[in-house]
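> Contents of run22.cif (mmCIF, C-alpha atoms) are below:
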```
data_data
#
loop_
_atom_site.group_PDB
_atom_site.id
_atom_site.type_symbol
_atom_site.label_atom_id
_atom_site.label_comp_id
_atom_site.auth_asym_id
_atom_site.auth_seq_id
_atom_site.Cartn_x
_atom_site.Cartn_y
_atom_site.Cartn_z
ATOM 1 C CA MET W 1 -7.501 24.911 6.752
ATOM 2 C CA ALA W 2 -7.012 21.665 4.858
ATOM 3 C CA ASP W 3 -8.847 21.253 1.590
ATOM 4 C CA GLN W 4 -9.792 18.141 -0.384
ATOM 5 C CA SER W 5 -6.386 17.834 -2.079
ATOM 6 C CA ASP W 6 -4.650 17.871 1.332
ATOM 7 C CA VAL W 7 -6.877 15.010 2.537
ATOM 8 C CA GLU W 8 -6.280 13.009 -0.658
ATOM 9 C CA THR W 9 -2.513 13.555 -0.365
ATOM 10 C CA ALA W 10 -2.552 12.472 3.296
ATOM 11 C CA LEU W 11 -4.501 9.305 2.424
ATOM 12 C CA ALA W 12 -2.073 8.474 -0.393
ATOM 13 C CA GLU W 13 0.865 8.941 2.015
ATOM 14 C CA LEU W 14 -0.846 6.704 4.596
ATOM 15 C CA VAL W 15 -1.330 3.931 2.009
ATOM 16 C CA SER W 16 2.303 4.341 0.968
ATOM 17 C CA ARG W 17 3.512 3.952 4.571
ATOM 18 C CA VAL W 18 1.412 0.794 4.970
ATOM 19 C CA LEU W 19 2.638 -0.819 1.730
ATOM 20 C CA TYR W 20 6.246 0.397 2.180
ATOM 21 C CA PRO W 21 6.843 0.459 5.964
ATOM 22 C CA GLN W 22 10.634 0.589 5.482
ATOM 23 C CA GLY W 23 10.441 3.375 2.890
ATOM 24 C CA ALA W 24 9.990 3.545 -0.863
ATOM 25 C CA MET W 25 13.496 2.214 -1.544
ATOM 26 C CA ALA W 26 12.738 -1.073 0.293
ATOM 27 C CA PRO W 27 10.452 -3.809 -1.082
ATOM 28 C CA SER W 28 6.728 -3.535 -0.348
ATOM 29 C CA ILE W 29 5.207 -5.783 2.311
ATOM 30 C CA LEU W 30 3.485 -7.832 -0.407
ATOM 31 C CA GLY W 31 6.480 -8.045 -2.725
ATOM 32 C CA ARG W 32 4.821 -6.127 -5.579
ATOM 33 C CA VAL W 33 5.636 -2.700 -7.002
ATOM 34 C CA TYR W 34 2.948 -0.094 -6.264
ATOM 35 C CA LYS W 35 2.329 3.398 -7.622
ATOM 36 C CA ILE W 36 0.298 5.373 -5.089
ATOM 37 C CA TYR W 37 -1.113 8.778 -6.030
ATOM 38 C CA ARG W 38 -4.173 11.017 -5.880
ATOM 39 C CA GLY W 39 -6.504 11.465 -8.830
ATOM 40 C CA TRP W 40 -7.633 9.323 -11.733
ATOM 41 C CA PRO W 41 -5.039 7.226 -13.571
ATOM 42 C CA ASN W 42 -4.075 8.040 -17.126
ATOM 43 C CA ALA W 43 -5.339 5.162 -19.328
ATOM 44 C CA ALA W 44 -2.122 4.752 -21.346
ATOM 45 C CA ALA W 45 0.101 4.866 -18.242
ATOM 46 C CA LEU W 46 -2.199 2.445 -16.409
ATOM 47 C CA ASP W 47 -2.081 -0.032 -19.311
ATOM 48 C CA ALA W 48 1.726 0.149 -19.389
ATOM 49 C CA ASP W 49 1.937 -0.324 -15.608
ATOM 50 C CA LEU W 50 -0.407 -3.323 -15.649
ATOM 51 C CA ALA W 51 1.604 -4.918 -18.461
ATOM 52 C CA ALA W 52 4.753 -4.430 -16.352
ATOM 53 C CA GLY W 53 3.094 -5.928 -13.252
ATOM 54 C CA ILE W 54 2.891 -2.595 -11.396
ATOM 55 C CA VAL W 55 -0.178 -2.089 -9.200
ATOM 56 C CA ASN W 56 -1.766 1.395 -9.199
ATOM 57 C CA VAL W 57 -3.453 2.677 -6.021
ATOM 58 C CA THR W 58 -5.338 5.918 -6.566
ATOM 59 C CA VAL W 59 -7.089 8.235 -4.121
ATOM 60 C CA PHE W 60 -9.936 10.353 -5.485
ATOM 61 C CA PRO W 61 -13.070 11.953 -4.040
ATOM 62 C CA ALA W 62 -16.373 10.182 -3.719
ATOM 63 C CA GLY W 63 -19.475 11.931 -4.998
ATOM 64 C CA GLN W 64 -19.371 12.579 -8.697
ATOM 65 C CA GLN W 65 -18.111 9.236 -9.892
ATOM 66 C CA ARG W 66 -16.913 8.581 -13.370
ATOM 67 C CA ASN W 67 -18.775 5.554 -14.714
ATOM 68 C CA THR W 68 -16.263 3.707 -16.873
ATOM 69 C CA THR W 69 -18.275 0.523 -17.286
ATOM 70 C CA ARG W 70 -21.579 -0.424 -18.794
ATOM 71 C CA TRP W 71 -22.337 -2.734 -15.864
ATOM 72 C CA PRO W 72 -24.605 -1.541 -13.056
ATOM 73 C CA ASP W 73 -23.300 -0.867 -9.532
ATOM 74 C CA GLU W 74 -24.888 -3.937 -8.041
ATOM 75 C CA PHE W 75 -23.168 -6.322 -5.678
ATOM 76 C CA LEU W 76 -23.932 -10.011 -6.078
ATOM 77 C CA GLN W 77 -22.941 -12.234 -3.180
ATOM 78 C CA PRO W 78 -20.778 -15.022 -4.627
ATOM 79 C CA LEU W 79 -21.546 -18.573 -3.708
ATOM 80 C CA PRO W 80 -19.100 -19.981 -1.169
ATOM 81 C CA VAL W 81 -16.341 -22.004 -2.755
ATOM 82 C CA VAL W 82 -14.624 -24.804 -0.902
ATOM 83 C CA PRO W 83 -11.250 -25.511 -2.501
ATOM 84 C CA ALA W 84 -10.557 -29.141 -3.321
ATOM 85 C CA LEU W 85 -6.774 -28.670 -3.326
ATOM 86 C CA THR W 86 -5.267 -27.931 0.071
ATOM 87 C CA VAL W 87 -1.867 -26.692 1.160
ATOM 88 C CA VAL W 88 -0.580 -26.536 4.709
ATOM 89 C CA THR W 89 2.615 -24.632 5.451
ATOM 90 C CA SER W 90 4.832 -25.203 8.447
ATOM 91 C CA GLY W 91 8.025 -23.204 8.611
ATOM 92 C CA VAL W 92 9.653 -23.574 5.177
ATOM 93 C CA THR W 93 7.661 -26.652 4.134
ATOM 94 C CA ALA W 94 4.376 -26.826 2.222
ATOM 95 C CA THR W 95 2.321 -30.026 2.049
ATOM 96 C CA PHE W 96 -0.274 -30.316 -0.726
ATOM 97 C CA GLY W 97 -3.333 -32.529 -0.361
ATOM 98 C CA GLY W 98 -6.890 -33.113 -1.486
ATOM 99 C CA ARG W 99 -7.427 -33.141 -5.228
ATOM 100 C CA ALA W 100 -6.690 -30.619 -7.966
ATOM 101 C CA VAL W 101 -9.889 -29.396 -9.607
ATOM 102 C CA PRO W 102 -9.383 -27.544 -12.918
ATOM 103 C CA GLY W 103 -9.348 -23.770 -12.518
ATOM 104 C CA GLU W 104 -8.214 -23.526 -8.900
ATOM 105 C CA ILE W 105 -5.269 -21.291 -8.092
ATOM 106 C CA ALA W 106 -2.405 -22.745 -6.083
ATOM 107 C CA GLY W 107 0.375 -20.487 -4.902
ATOM 108 C CA LEU W 108 3.120 -19.859 -2.396
ATOM 109 C CA ILE W 109 5.042 -16.831 -1.209
ATOM 110 C CA VAL W 110 8.612 -17.652 -0.249
ATOM 111 C CA ASP W 111 10.152 -14.631 1.459
ATOM 112 C CA HIS W 112 9.177 -11.919 -1.078
ATOM 113 C CA PHE W 113 8.900 -14.210 -4.126
ATOM 114 C CA ALA W 114 5.448 -15.426 -5.207
ATOM 115 C CA VAL W 115 4.682 -18.391 -7.479
ATOM 116 C CA VAL W 116 1.246 -19.461 -8.714
ATOM 117 C CA HIS W 117 -0.308 -22.169 -10.868
ATOM 118 C CA ARG W 118 -3.843 -22.500 -12.219
ATOM 119 C CA THR W 119 -4.745 -26.169 -11.955
ATOM 120 C CA GLU W 120 -5.645 -28.160 -15.038
ATOM 121 C CA LYS W 121 -7.586 -31.374 -15.668
ATOM 122 C CA ALA W 122 -4.693 -33.832 -15.238
ATOM 123 C CA ASP W 123 -3.137 -32.110 -12.196
ATOM 124 C CA SER W 124 -2.644 -33.833 -8.842
ATOM 125 C CA PRO W 125 -1.349 -32.416 -5.545
ATOM 126 C CA GLU W 126 2.065 -33.944 -6.330
ATOM 127 C CA LEU W 127 2.133 -32.349 -9.797
ATOM 128 C CA VAL W 128 1.076 -28.947 -8.449
ATOM 129 C CA ALA W 129 3.866 -29.146 -5.842
ATOM 130 C CA ALA W 130 6.338 -30.059 -8.611
ATOM 131 C CA ILE W 131 5.213 -27.170 -10.835
ATOM 132 C CA LEU W 132 5.530 -24.664 -7.993
ATOM 133 C CA ALA W 133 8.919 -26.139 -7.028
ATOM 134 C CA SER W 134 10.189 -25.646 -10.589
ATOM 135 C CA LYS W 135 9.065 -21.998 -10.472
ATOM 136 C CA ILE W 136 10.747 -21.452 -7.098
ATOM 137 C CA ARG W 137 13.952 -23.028 -8.468
ATOM 138 C CA THR W 138 14.326 -20.084 -10.857
ATOM 139 C CA GLN W 139 15.286 -18.041 -7.769
ATOM 140 C CA ARG W 140 16.556 -20.479 -5.122
ATOM 141 C CA ILE W 141 16.826 -24.121 -4.032
ATOM 142 C CA ALA W 142 13.566 -26.033 -3.602
ATOM 143 C CA LEU W 143 13.343 -29.651 -2.446
ATOM 144 C CA LEU W 144 10.444 -31.886 -3.462
ATOM 145 C CA SER W 145 9.277 -35.224 -2.109
ATOM 146 C CA GLY W 146 5.893 -36.234 -3.504
ATOM 147 C CA ALA W 147 3.441 -33.533 -2.438
ATOM 148 C CA VAL W 148 5.830 -31.971 0.100
ATOM 149 C CA LEU W 149 7.858 -28.944 -1.005
ATOM 150 C CA SER W 150 10.619 -27.393 1.150
ATOM 151 C CA VAL W 151 12.714 -24.298 0.620
ATOM 152 C CA PRO W 152 15.833 -24.469 2.821
ATOM 153 C CA GLY W 153 17.111 -21.105 3.974
ATOM 154 C CA ALA W 154 13.814 -19.281 3.479
ATOM 155 C CA SER W 155 12.716 -17.012 6.294
ATOM 156 C CA ARG W 156 8.999 -17.440 5.632
ATOM 157 C CA MET W 157 6.591 -19.401 3.467
ATOM 158 C CA ILE W 158 2.924 -18.545 3.049
#
```
Kindly transcribe the structure held in the file into structure tokens.


Amino acid sequence: MADQSDVETALAELVSRVLYPQGAMAPSILGRVYKIYRGWPNAAALDADLAAGIVNVTVFPAGQQRNTTRWPDEFLQPLPVVPALTVVTSGVTATFGGRAVPGEIAGLIVDHFAVVHRTEKADSPELVAAILASKIRTQRIALLSGAVLSVPGASRMI
């Protein structure tokens, strides 16, 4: 008969198969590195992983929860946010529009490479496209024309 540890192990393996459908040696479906395990994370190891950009996914039993925050378990429905900056992708081209409001996050995933930019006061759609293009250029060719960014040879752009 299966016990709690068997269920936790099975759930961790299921999450691993979802995030790494081609196996642990292939890249994850989201392009990040994940550590998937059962039990609570070790604080020092978790801090080191977060600093290295590694995402930890842990499976542990419900019931006796460990309260690690002083904040109450109370969900507040956030107010809906309508982004002012827009981006429309078609194939390997992204077209930016609208207006850049400070604090918005603009980003693209090109194949398995993600780039992001938090907008600032003087940003415009053209400038955001240029900033993201310069970040993409650290890995591959990116073409820019105003607010239109293209990545020739990419297999997908999100």

> Applied to this file, what does the PyMOL selection byres ((chain W and resi 36-40) around 7) return in terms of residues, put as a list in words?

Glu8, Thr9, Ala12, Ser16, Tyr34, Lys35, Pro41, Asn42, Asn56, Val57, Thr58, Val59 and Phe60 of chain W

> So, with all atoms listed in the file as the atoms that count, which of W:Ala84, W:Gly98, W:Leu11, W:Arg140 lies closest to Val110 of chain W?

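Counting all atoms listed in the file, the residue closest to Val110 of chain W is W:Arg140.
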
> Rank nothing, just name the residue among W:Ala114, W:Ile136, W:Leu85, W:Ala106 nearest to Arg32 of chain W, using only C-alpha atoms.

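The shortest atom-to-atom distance to Arg32 of chain W comes from W:Ala114.
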
> Please report the interatomic distance between atom CA of Arg118 of chain W and atom CA of Ile105 of chain W in Å with one decimal.

4.5 Å

> Quick one: everything within 9 Å of Gly153 of chain W, counting only C-alpha atoms, minus sequence neighbours fewer than 2 positions away in the same chain. Send it as a CSV table (one decimal) with C-alpha atoms, in the coordinates of the input.


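To be explicit, this is the file written out as selection-v4.csv:
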```csv
chain,number,residue,atom,x,y,z
W,92,VAL,CA,9.7,-23.6,5.2
W,141,ILE,CA,16.8,-24.1,-4.0
W,151,VAL,CA,12.7,-24.3,0.6
W,155,SER,CA,12.7,-17.0,6.3
```

> I'd like the residues picked by the PyMOL selection byres ((chain W and resi 82) around 12) written out as a PyMOL selection string, using the chain letters and numbers from the file.

chain W and resi 79-81+83-86+98-99+101+104

> Can I get the selection written as a PDB file, keeping the file's coordinate frame, with C-alpha atoms?


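What follows is the written file selection.pdb:
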```pdb
ATOM      1  CA  LEU W  79     -21.546 -18.573  -3.708  1.00  0.00           C
ATOM      2  CA  PRO W  80     -19.100 -19.981  -1.169  1.00  0.00           C
ATOM      3  CA  VAL W  81     -16.341 -22.004  -2.755  1.00  0.00           C
ATOM      4  CA  PRO W  83     -11.250 -25.511  -2.501  1.00  0.00           C
ATOM      5  CA  ALA W  84     -10.557 -29.141  -3.321  1.00  0.00           C
ATOM      6  CA  LEU W  85      -6.774 -28.670  -3.326  1.00  0.00           C
ATOM      7  CA  THR W  86      -5.267 -27.931   0.071  1.00  0.00           C
ATOM      8  CA  GLY W  98      -6.890 -33.113  -1.486  1.00  0.00           C
ATOM      9  CA  ARG W  99      -7.427 -33.141  -5.228  1.00  0.00           C
ATOM     10  CA  VAL W 101      -9.889 -29.396  -9.607  1.00  0.00           C
ATOM     11  CA  GLU W 104      -8.214 -23.526  -8.900  1.00  0.00           C
TER      12      GLU W 104
END
```

> Write out as a ChimeraX atom specification which residues come within 9 Å of Val88 of chain W when counting all atoms listed in the file, dropping same-chain ones fewer than 3 positions away.

/W:93-97,158

> Can you pull out every residue within 8 Å of Ala147 of chain W, counting all atoms listed in the file, but drop anything in the same chain fewer than 3 positions away, and send it as a list in words?

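Here the qualifying residues turn out to be Thr95, Phe96, Gly97, Pro125, Glu126, Leu127, Val128, Ala129, Ala130 and Leu144 of chain W.
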
> Rank W:Thr119, W:Ser5, W:Thr138, W:Ser28 by their smallest atom-to-atom distance to Gly103 of chain W, using all atoms listed in the file, and report the top residue only.

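The answer is W:Thr119, which sits nearest to Gly103 of chain W.
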
> Just checking: using all atoms listed in the file, which residue out of W:Ser145, W:Ser150, W:Asp3, W:Ala100 ends up closest to Asp123 of chain W?

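Counting all atoms listed in the file, the residue closest to Asp123 of chain W is W:Ala100.
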
> Could you work out how far atom CA of Gly53 of chain W lies from atom CA of Ile109 of chain W, giving the answer in Å with one decimal?

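Pair atom CA of Ile109 of chain W / atom CA of Gly53 of chain W returns 16.4 Å.
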